Amino acid sequence: MKKLLIRRALTSLITFFSAITIVFIISRLSGDPLAELLENPEVSPETVEALRRAFGLDQPLHMQYINFIIATLSGQLGYSINYKRPVLDVLIAKLPYTVALLIPAITLSNYFAYRLGVESGWRRGRKFDVLLTSSSLFIRATPHFWLAILFLYVFGAVLNWAPLFGAVTPGKVFESPWEWLLDYLWHYILPVSVITIRATGAMFLYIRNSLVEVLGEDYIMAAMAKGLPDKIVLYKHAARNALLPAVTMMGLRYAFIIDGAVLTETVFSYPGTGRLVFEAIIFRDYYLLQGAIIILTTSVILVNFLIDILYLYLDPRVRYR
Amino acid sequence: MSRRHLMAIILLLPLLLSSPTLADLASPVEAQPYGGTLKVALPSEPNTFNWFSAGSTWSINVLIPVYNRLFRWKNGTLMPELVKDWSVSDDGLTYTFTIHNNVTFQDGKQLTAEDVVFTINVEAQNDWPYYHGYFAKVDRAEVVDQFTFKIYMKEVDAGFLANALAVMNVLPKHIWEPLLNEKGEELAVYNPKLPDEVIGSGPFKLVEYVPGQYVKYTAYENYWQGRPYIDELIVTFITEATTAILAVKKGDIDLYEGWITPEVVPSLITTEGVGIHLYQSATFYHWGFNNLRWPFNITDFRRAMAYCVDKNEIVNTLLAGYGMPGSWGVVPPFGIHAYWYNPNVEGKYSFNLTKAGEILDSLGFVDVDGDGWREAPDGSDFSFEIYPPNYDIIRVRAAQMISDWLSKIPNGGIKAEVRVLEWKSVWPLIRDGKVDSYLLGSGPGADPTWLYRRFHSRPGGTGNWARYSNPEVDQLTEQIGKVLDKEQRREIAWRIQEILADEVPIIVLYYRKFPQPYRADKFDGWFKAVDDGLYNFWTFRYVHLKVETTQPTEPTQPTQPTEPTQPTPPPEEPEMGTNLQFMAALVVIVILIVIIVVLLVKKR
């Protein structure tokens, strides 16, 4: 088991390195961040050169890469070209908003997907199942930003239940923390719903299909033959086994949820890391993009690593192999 | 309603929308009510509050309410702001300025010549400030007495006031000098602490910034020109134009300072209380020729091209009327450029393919083999390329229209191939002079000295992408930066435009117009410049709550003129509405189902 853990840790490390290398290459391919300045008549070429030196962009590419790796390993994310501040500062200001969106969204969506998927798989082929499966297919097929804009239009503009943008009412002075929390939650509900619904729709299908497969196994038949109640058969025998492949998917889906957060935050003008990534791409802010992606990739790798460990407990076979 | 009807409405809109009149521009001298919070949305947030290095539009924008300048543009006129009196020496090398003596910073300290001199010297003596290029010809600035200072120039720069002093915010020396001493060149990347280090003498005091969300300002009670009417200004950031438009319609924000597509204008002006300000952008979108390459090095060939372009058609169809046909003399005829614009170049060429054919005949470009295309004078087949940027569909379509017109020249067309490639790979080719022709959008500067950048044939001259070379234009564009007399400069500018119109180094196709939504029911006193959006210094000073009694249902600008077409737009609205409502219903149903299912599951 120790060996397994070490191997997992090693693969995670390799994944991390490949990921940051890809980020480095892609951000360089996206063009010169100072190109627009060069075209601007108001900026002298000397200014651009000074900036280039200040950001280390005058060095050859391989030197930039080596510096980048060294800096990353020592925990330095560099200086944002656009914000002219350390990347970490910029990120830390926005990270809490994203974390607050992601954790409930992931928990809720996995819980919903699990309960609904199991129940739906149990009643496979019946109206309940058909309805849920088709609606989750529908949710899966809608583009993320489309769903976000639709929610915005319906609940924000037509029904006027929720605000259209931001994380709190701009400029509002709050009498008490409770008032702030209320205002925050009011702004929070739409983006978190969008992410949760999308994630549930995607996850639901895996769990349902996995359960349907398990239900065909002989031991389910045996359990039923023993005369066990349906609920026990479903949750103790079938669901536990069906969950195994689904747990792997949860880890993989996590990356898609982050991707969804980028789009949702952009549509709702939410001040999180997702919108920061969007802006970093627009402004070709290499270091910010790198920093944000390093943080996000690390979280994806970490989540997958944790899931691998979780697997050890869920599936005794892995432990004894 | 058919598509064509909708098109017609969209086409008519720009004509119907209010254009700024003189009445709009008159300063509101009469007393207006104080109070109210103005909420403005920008598409993106500022990246720094350090004005010295602020380069992005948004960073410059969020500092506009905070600082004063020595001079400022007001709808095409350069107005002294902090400057009370000024003079320039006969040789044009020494400026003497006297500034107002009742200006205070928001921390209570007086604004003196020390502050102005400090700001100018930082700009002039370091190469990292964003506007350093404008101050390149400044030798130094010196304090004479508390409210008087002198600027010594290395060489004459006739555009100095309009270019440099009209963009320069005056920063407090007592805050920035210690920072400069401490950080040195590092100040370029320093982001000042908020709100204590962002102190200006402007009408609004920056009180709070929440990253990614908003900047909050309050009126500066002791503002030297009298406090602004509104109490609070909130600038928020909305990434998606769709979201921003909904927010204006709902009344959550009062002004959106971002780009919206003309297609949404009908739905905006039918929304009660929403007004549209239409303004001209001075960026000249042009068909540029490489004047060094054959056949574009033949002046008559370029003239023939001028007869093949129907600018009105491009503006009416491609821009749906949201634009103005380009001037043959390049200089835009409106806003801050109006003074320099030479109206005599108007109608120099008209869309006339027959005439183009005659010129081409005389040059020897004749269809000798009868295949419908003209051959080069030596009898060989010839064609040239037009490169529009792939990200701008309007310019791609414009290139296709030009190519189409060229193919229709009587007695044989000219073959022009439109090449739509990744712009990143095309741009270096244009820069290095390796393509025949291209469609570019370039911005003119505030002072006609920009003509030097665009049309002077200096070696390695960036900006003169057309590689135009004419000794007289070279001499005139140099001269316009050195002559100080305004009348004389205008004569030079006129002469340059005459030559440009005659020799056609580039053909300006259009200047674009942008619609901007704002709440006309809550606030009055918006400052509507011909060539600028409503987000400007003057708006912040003049805007005030609408007075109900004095203006009984004042015609809210755009809705009134559109009355005749009113019956037509609604049919399109429900159509879009039902689609959305249908989808909304679908989503609601899905959610309901999920809730029911969860309840069912719980029951088991």
# chains A, B, ... in the order shown; residues from 1 in each chain; ligands from 1
call {"tool": "select_by_dssp", "arguments": {"residues": "region 146-332 of chain B", "states": "helix (DSSP H, G or I)", "output": "number ranges by chain"}}
result
B: 160-165, 173-189, 241-250, 262-269, 299-306, 311-318
call {"tool": "write_last_selection", "arguments": {"atoms": "C-alpha atoms", "output": "mmCIF file, in the first residue's frame"}}
result
data_model
loop_
_atom_site.group_PDB
_atom_site.id
_atom_site.type_symbol
_atom_site.label_atom_id
_atom_site.label_comp_id
_atom_site.auth_asym_id
_atom_site.auth_seq_id
_atom_site.Cartn_x
_atom_site.Cartn_y
_atom_site.Cartn_z
ATOM 1 C CA PHE B 160 2.678 69.841 -26.432
ATOM 2 C CA LEU B 161 -0.406 71.374 -24.808
ATOM 3 C CA ALA B 162 -2.922 69.304 -26.712
ATOM 4 C CA ASN B 163 -1.025 66.032 -26.417
ATOM 5 C CA ALA B 164 0.822 66.095 -23.133
ATOM 6 C CA LEU B 165 -0.787 68.640 -20.827
ATOM 7 C CA LYS B 173 4.088 65.926 -4.598
ATOM 8 C CA HIS B 174 3.789 65.310 -0.855
ATOM 9 C CA ILE B 175 2.539 61.769 -1.522
ATOM 10 C CA TRP B 176 4.476 60.774 -4.607
ATOM 11 C CA GLU B 177 7.904 62.252 -3.987
ATOM 12 C CA PRO B 178 8.615 60.030 -0.955
ATOM 13 C CA LEU B 179 7.390 57.052 -2.967
ATOM 14 C CA LEU B 180 9.656 57.956 -5.891
ATOM 15 C CA ASN B 181 12.668 58.364 -3.594
ATOM 16 C CA GLU B 182 11.954 55.069 -1.944
ATOM 17 C CA LYS B 183 11.188 52.962 -5.015
ATOM 18 C CA GLY B 184 13.069 54.625 -7.844
ATOM 19 C CA GLU B 185 12.322 52.876 -11.123
ATOM 20 C CA GLU B 186 10.275 50.304 -9.229
ATOM 21 C CA LEU B 187 7.564 52.944 -8.968
ATOM 22 C CA ALA B 188 6.525 51.807 -12.453
ATOM 23 C CA VAL B 189 5.052 48.644 -10.990
ATOM 24 C CA ALA B 241 -22.242 43.260 -22.390
ATOM 25 C CA THR B 242 -25.456 41.194 -22.250
ATOM 26 C CA THR B 243 -25.481 41.439 -18.472
ATOM 27 C CA ALA B 244 -24.735 45.149 -18.564
ATOM 28 C CA ILE B 245 -27.594 45.809 -20.990
ATOM 29 C CA LEU B 246 -30.016 43.945 -18.725
ATOM 30 C CA ALA B 247 -28.719 45.956 -15.782
ATOM 31 C CA VAL B 248 -29.333 49.278 -17.574
ATOM 32 C CA LYS B 249 -32.829 48.167 -18.558
ATOM 33 C CA LYS B 250 -33.566 47.132 -15.000
ATOM 34 C CA PRO B 262 -26.299 48.114 -32.791
ATOM 35 C CA GLU B 263 -28.779 45.204 -32.915
ATOM 36 C CA VAL B 264 -29.720 45.720 -29.265
ATOM 37 C CA VAL B 265 -30.467 49.423 -29.708
ATOM 38 C CA PRO B 266 -34.153 48.976 -30.724
ATOM 39 C CA SER B 267 -34.907 47.013 -27.573
ATOM 40 C CA LEU B 268 -33.080 49.593 -25.474
ATOM 41 C CA ILE B 269 -34.815 52.677 -26.799
ATOM 42 C CA THR B 299 -0.271 57.448 -58.169
ATOM 43 C CA ASP B 300 -2.833 57.203 -60.956
ATOM 44 C CA PHE B 301 -3.425 53.561 -60.123
ATOM 45 C CA ARG B 302 -4.283 54.523 -56.549
ATOM 46 C CA ARG B 303 -6.582 57.251 -57.876
ATOM 47 C CA ALA B 304 -8.340 54.625 -60.001
ATOM 48 C CA MET B 305 -8.831 52.587 -56.815
ATOM 49 C CA ALA B 306 -10.403 55.646 -55.167
ATOM 50 C CA LYS B 311 -17.962 54.476 -48.848
ATOM 51 C CA ASN B 312 -21.646 55.280 -48.345
ATOM 52 C CA GLU B 313 -22.579 51.744 -49.278
ATOM 53 C CA ILE B 314 -20.123 50.350 -46.728
ATOM 54 C CA VAL B 315 -21.449 52.622 -43.988
ATOM 55 C CA ASN B 316 -25.083 51.902 -44.789
ATOM 56 C CA THR B 317 -24.885 48.163 -45.213
ATOM 57 C CA LEU B 318 -21.953 46.922 -43.164
#
call {"tool": "residues_around", "arguments": {"residues": "Leu5 (chain A)", "least_positions_apart": "2", "cutoff": "10 Å", "atoms": "only C-alpha atoms", "output": "ChimeraX atom specification"}}
result
/A:1-3,7-11,305,308-309,312
call {"tool": "atom_distance", "arguments": {"atom1": "CA of Pro377 (chain B)", "atom2": "CA of Asp361 (chain B)"}}
result
9.4 Å
call {"tool": "residues_around", "arguments": {"residues": "Gly370 (chain B)", "least_positions_apart": "5", "cutoff": "12 Å", "atoms": "only C-alpha atoms", "output": "list in words"}}
result
Glu375, Gly379, Asp381, Asn411, Gly412 and Gly413 of chain B
call {"tool": "closest_residue", "arguments": {"among": "B:Asp252, B:Asp107, B:Asp127, B:Asp115", "to": "Ala50 (chain A)", "atoms": "only C-alpha atoms"}}
result
B:Asp127
call {"tool": "closest_residue", "arguments": {"among": "B:Glu422, B:Asp310, B:Asp90, B:Glu385", "to": "chain A", "atoms": "only C-alpha atoms"}}
result
B:Glu422
call {"tool": "residues_around", "arguments": {"residues": "region 506-515 of chain B", "least_positions_apart": "3", "cutoff": "8 Å", "atoms": "only C-alpha atoms", "output": "ChimeraX atom specification"}}
result
/B:259-262,265,276-289,306,311,314-315,319,322-328,330,332,466
call {"tool": "interface_residues", "arguments": {"of": "chain B", "to": "chain A", "cutoff": "7 Å", "atoms": "only C-alpha atoms", "output": "PyMOL selection string"}}
result
chain B and resi 47-48+127-128+130-134+189-191+212-214+216+234+236-240+243+246-247+250+584+590
call {"tool": "write_last_selection", "arguments": {"atoms": "C-alpha atoms", "output": "PDB file, in the first residue's frame"}}
result
ATOM      1  CA  ASN B  47      -5.132  47.108 -13.242  1.00  0.00           C
ATOM      2  CA  THR B  48      -3.497  49.870 -11.255  1.00  0.00           C
ATOM      3  CA  ASP B 127      11.393  56.428 -19.462  1.00  0.00           C
ATOM      4  CA  TRP B 128       8.839  54.227 -17.707  1.00  0.00           C
ATOM      5  CA  TYR B 130       3.048  55.561 -19.828  1.00  0.00           C
ATOM      6  CA  TYR B 131       2.846  59.033 -21.403  1.00  0.00           C
ATOM      7  CA  HIS B 132       6.590  59.633 -21.389  1.00  0.00           C
ATOM      8  CA  GLY B 133       6.556  59.816 -25.218  1.00  0.00           C
ATOM      9  CA  TYR B 134       4.504  63.015 -25.070  1.00  0.00           C
ATOM     10  CA  VAL B 189       5.052  48.644 -10.990  1.00  0.00           C
ATOM     11  CA  TYR B 190       3.949  50.119  -7.684  1.00  0.00           C
ATOM     12  CA  ASN B 191       0.252  50.094  -6.943  1.00  0.00           C
ATOM     13  CA  GLY B 212     -13.280  42.734  -9.042  1.00  0.00           C
ATOM     14  CA  GLN B 213     -16.371  44.504  -7.792  1.00  0.00           C
ATOM     15  CA  TYR B 214     -16.425  48.269  -7.580  1.00  0.00           C
ATOM     16  CA  LYS B 216     -16.621  54.039  -4.712  1.00  0.00           C
ATOM     17  CA  ILE B 234     -19.934  54.019  -7.979  1.00  0.00           C
ATOM     18  CA  THR B 236     -18.643  48.709 -11.059  1.00  0.00           C
ATOM     19  CA  PHE B 237     -17.320  46.081 -13.466  1.00  0.00           C
ATOM     20  CA  ILE B 238     -19.556  43.946 -15.658  1.00  0.00           C
ATOM     21  CA  THR B 239     -17.692  41.574 -17.937  1.00  0.00           C
ATOM     22  CA  GLU B 240     -20.565  40.614 -20.219  1.00  0.00           C
ATOM     23  CA  THR B 243     -25.481  41.439 -18.472  1.00  0.00           C
ATOM     24  CA  LEU B 246     -30.016  43.945 -18.725  1.00  0.00           C
ATOM     25  CA  ALA B 247     -28.719  45.956 -15.782  1.00  0.00           C
ATOM     26  CA  LYS B 250     -33.566  47.132 -15.000  1.00  0.00           C
ATOM     27  CA  ALA B 584     -37.050  29.742 -19.318  1.00  0.00           C
ATOM     28  CA  VAL B 590     -36.471  20.877 -15.033  1.00  0.00           C
TER      29      VAL B 590
END
call {"tool": "decode", "arguments": {"residues": "region 372-383 of chain B", "atoms": "all heavy atoms", "output": "JSON list (two decimals), in the first residue's frame"}}
result
[["chain", "number", "residue", "atom", "x", "y", "z"],
["B", 372, "GLY", "N", -11.91, 38.85, -69.35],
["B", 372, "GLY", "CA", -12.72, 39.60, -68.39],
["B", 372, "GLY", "C", -11.90, 40.29, -67.33],
["B", 372, "GLY", "O", -12.43, 41.04, -66.53],
["B", 373, "TRP", "N", -10.62, 39.99, -67.22],
["B", 373, "TRP", "CA", -9.74, 40.64, -66.25],
["B", 373, "TRP", "C", -8.69, 41.45, -66.98],
["B", 373, "TRP", "O", -8.19, 41.03, -68.02],
["B", 373, "TRP", "CB", -9.03, 39.61, -65.37],
["B", 373, "TRP", "CG", -9.97, 38.75, -64.58],
["B", 373, "TRP", "CD1", -10.29, 37.45, -64.84],
["B", 373, "TRP", "CD2", -10.71, 39.12, -63.43],
["B", 373, "TRP", "NE1", -11.19, 37.00, -63.91],
["B", 373, "TRP", "CE2", -11.47, 38.01, -63.02],
["B", 373, "TRP", "CE3", -10.81, 40.31, -62.69],
["B", 373, "TRP", "CZ2", -12.32, 38.03, -61.92],
["B", 373, "TRP", "CZ3", -11.66, 40.33, -61.59],
["B", 373, "TRP", "CH2", -12.40, 39.20, -61.22],
["B", 374, "ARG", "N", -8.35, 42.59, -66.41],
["B", 374, "ARG", "CA", -7.32, 43.42, -67.02],
["B", 374, "ARG", "C", -5.93, 42.84, -66.76],
["B", 374, "ARG", "O", -5.68, 42.31, -65.68],
["B", 374, "ARG", "CB", -7.38, 44.84, -66.44],
["B", 374, "ARG", "CG", -8.58, 45.62, -66.92],
["B", 374, "ARG", "CD", -8.75, 46.92, -66.19],
["B", 374, "ARG", "NE", -10.02, 47.52, -66.56],
["B", 374, "ARG", "CZ", -10.14, 48.46, -67.50],
["B", 374, "ARG", "NH1", -9.08, 48.94, -68.12],
["B", 374, "ARG", "NH2", -11.33, 48.95, -67.81],
["B", 375, "GLU", "N", -5.08, 42.97, -67.77],
["B", 375, "GLU", "CA", -3.71, 42.50, -67.59],
["B", 375, "GLU", "C", -2.81, 43.70, -67.31],
["B", 375, "GLU", "O", -3.17, 44.84, -67.53],
["B", 375, "GLU", "CB", -3.20, 41.78, -68.85],
["B", 375, "GLU", "CG", -3.59, 40.31, -68.90],
["B", 375, "GLU", "CD", -5.05, 40.10, -69.29],
["B", 375, "GLU", "OE1", -5.53, 40.85, -70.16],
["B", 375, "GLU", "OE2", -5.71, 39.19, -68.74],
["B", 376, "ALA", "N", -1.62, 43.40, -66.82],
["B", 376, "ALA", "CA", -0.63, 44.45, -66.57],
["B", 376, "ALA", "C", -0.18, 45.03, -67.92],
["B", 376, "ALA", "O", -0.37, 44.39, -68.96],
["B", 376, "ALA", "CB", 0.56, 43.87, -65.83],
["B", 377, "PRO", "N", 0.40, 46.24, -67.89],
["B", 377, "PRO", "CA", 0.82, 46.86, -69.16],
["B", 377, "PRO", "C", 1.71, 45.96, -70.03],
["B", 377, "PRO", "O", 1.69, 46.05, -71.24],
["B", 377, "PRO", "CB", 1.58, 48.11, -68.69],
["B", 377, "PRO", "CG", 1.00, 48.44, -67.38],
["B", 377, "PRO", "CD", 0.62, 47.14, -66.76],
["B", 378, "ASP", "N", 2.48, 45.07, -69.41],
["B", 378, "ASP", "CA", 3.34, 44.19, -70.21],
["B", 378, "ASP", "C", 2.58, 42.96, -70.71],
["B", 378, "ASP", "O", 3.17, 42.05, -71.30],
["B", 378, "ASP", "CB", 4.58, 43.77, -69.41],
["B", 378, "ASP", "CG", 4.22, 42.93, -68.18],
["B", 378, "ASP", "OD1", 3.01, 42.68, -67.96],
["B", 378, "ASP", "OD2", 5.13, 42.54, -67.44],
["B", 379, "GLY", "N", 1.27, 42.90, -70.47],
["B", 379, "GLY", "CA", 0.47, 41.81, -71.01],
["B", 379, "GLY", "C", 0.34, 40.61, -70.10],
["B", 379, "GLY", "O", -0.40, 39.68, -70.42],
["B", 380, "SER", "N", 1.04, 40.61, -68.96],
["B", 380, "SER", "CA", 0.96, 39.44, -68.08],
["B", 380, "SER", "C", -0.24, 39.55, -67.15],
["B", 380, "SER", "O", -0.72, 40.65, -66.87],
["B", 380, "SER", "CB", 2.25, 39.34, -67.27],
["B", 380, "SER", "OG", 2.37, 40.47, -66.43],
["B", 381, "ASP", "N", -0.71, 38.40, -66.68],
["B", 381, "ASP", "CA", -1.82, 38.40, -65.73],
["B", 381, "ASP", "C", -1.38, 39.08, -64.45],
["B", 381, "ASP", "O", -0.22, 38.96, -64.07],
["B", 381, "ASP", "CB", -2.22, 36.96, -65.38],
["B", 381, "ASP", "CG", -3.06, 36.36, -66.50],
["B", 381, "ASP", "OD1", -3.48, 37.12, -67.39],
["B", 381, "ASP", "OD2", -3.26, 35.13, -66.48],
["B", 382, "PHE", "N", -2.29, 39.79, -63.81],
["B", 382, "PHE", "CA", -1.89, 40.36, -62.52],
["B", 382, "PHE", "C", -3.08, 40.46, -61.57],
["B", 382, "PHE", "O", -4.23, 40.53, -61.96],
["B", 382, "PHE", "CB", -1.20, 41.71, -62.74],
["B", 382, "PHE", "CG", -2.03, 42.90, -62.35],
["B", 382, "PHE", "CD1", -1.84, 43.53, -61.13],
["B", 382, "PHE", "CD2", -2.99, 43.39, -63.20],
["B", 382, "PHE", "CE1", -2.61, 44.62, -60.77],
["B", 382, "PHE", "CE2", -3.75, 44.48, -62.85],
["B", 382, "PHE", "CZ", -3.56, 45.10, -61.63],
["B", 383, "SER", "N", -2.77, 40.37, -60.31],
["B", 383, "SER", "CA", -3.78, 40.51, -59.27],
["B", 383, "SER", "C", -3.06, 41.00, -58.01],
["B", 383, "SER", "O", -1.84, 40.96, -57.95],
["B", 383, "SER", "CB", -4.45, 39.16, -58.98],
["B", 383, "SER", "OG", -3.52, 38.29, -58.39]]
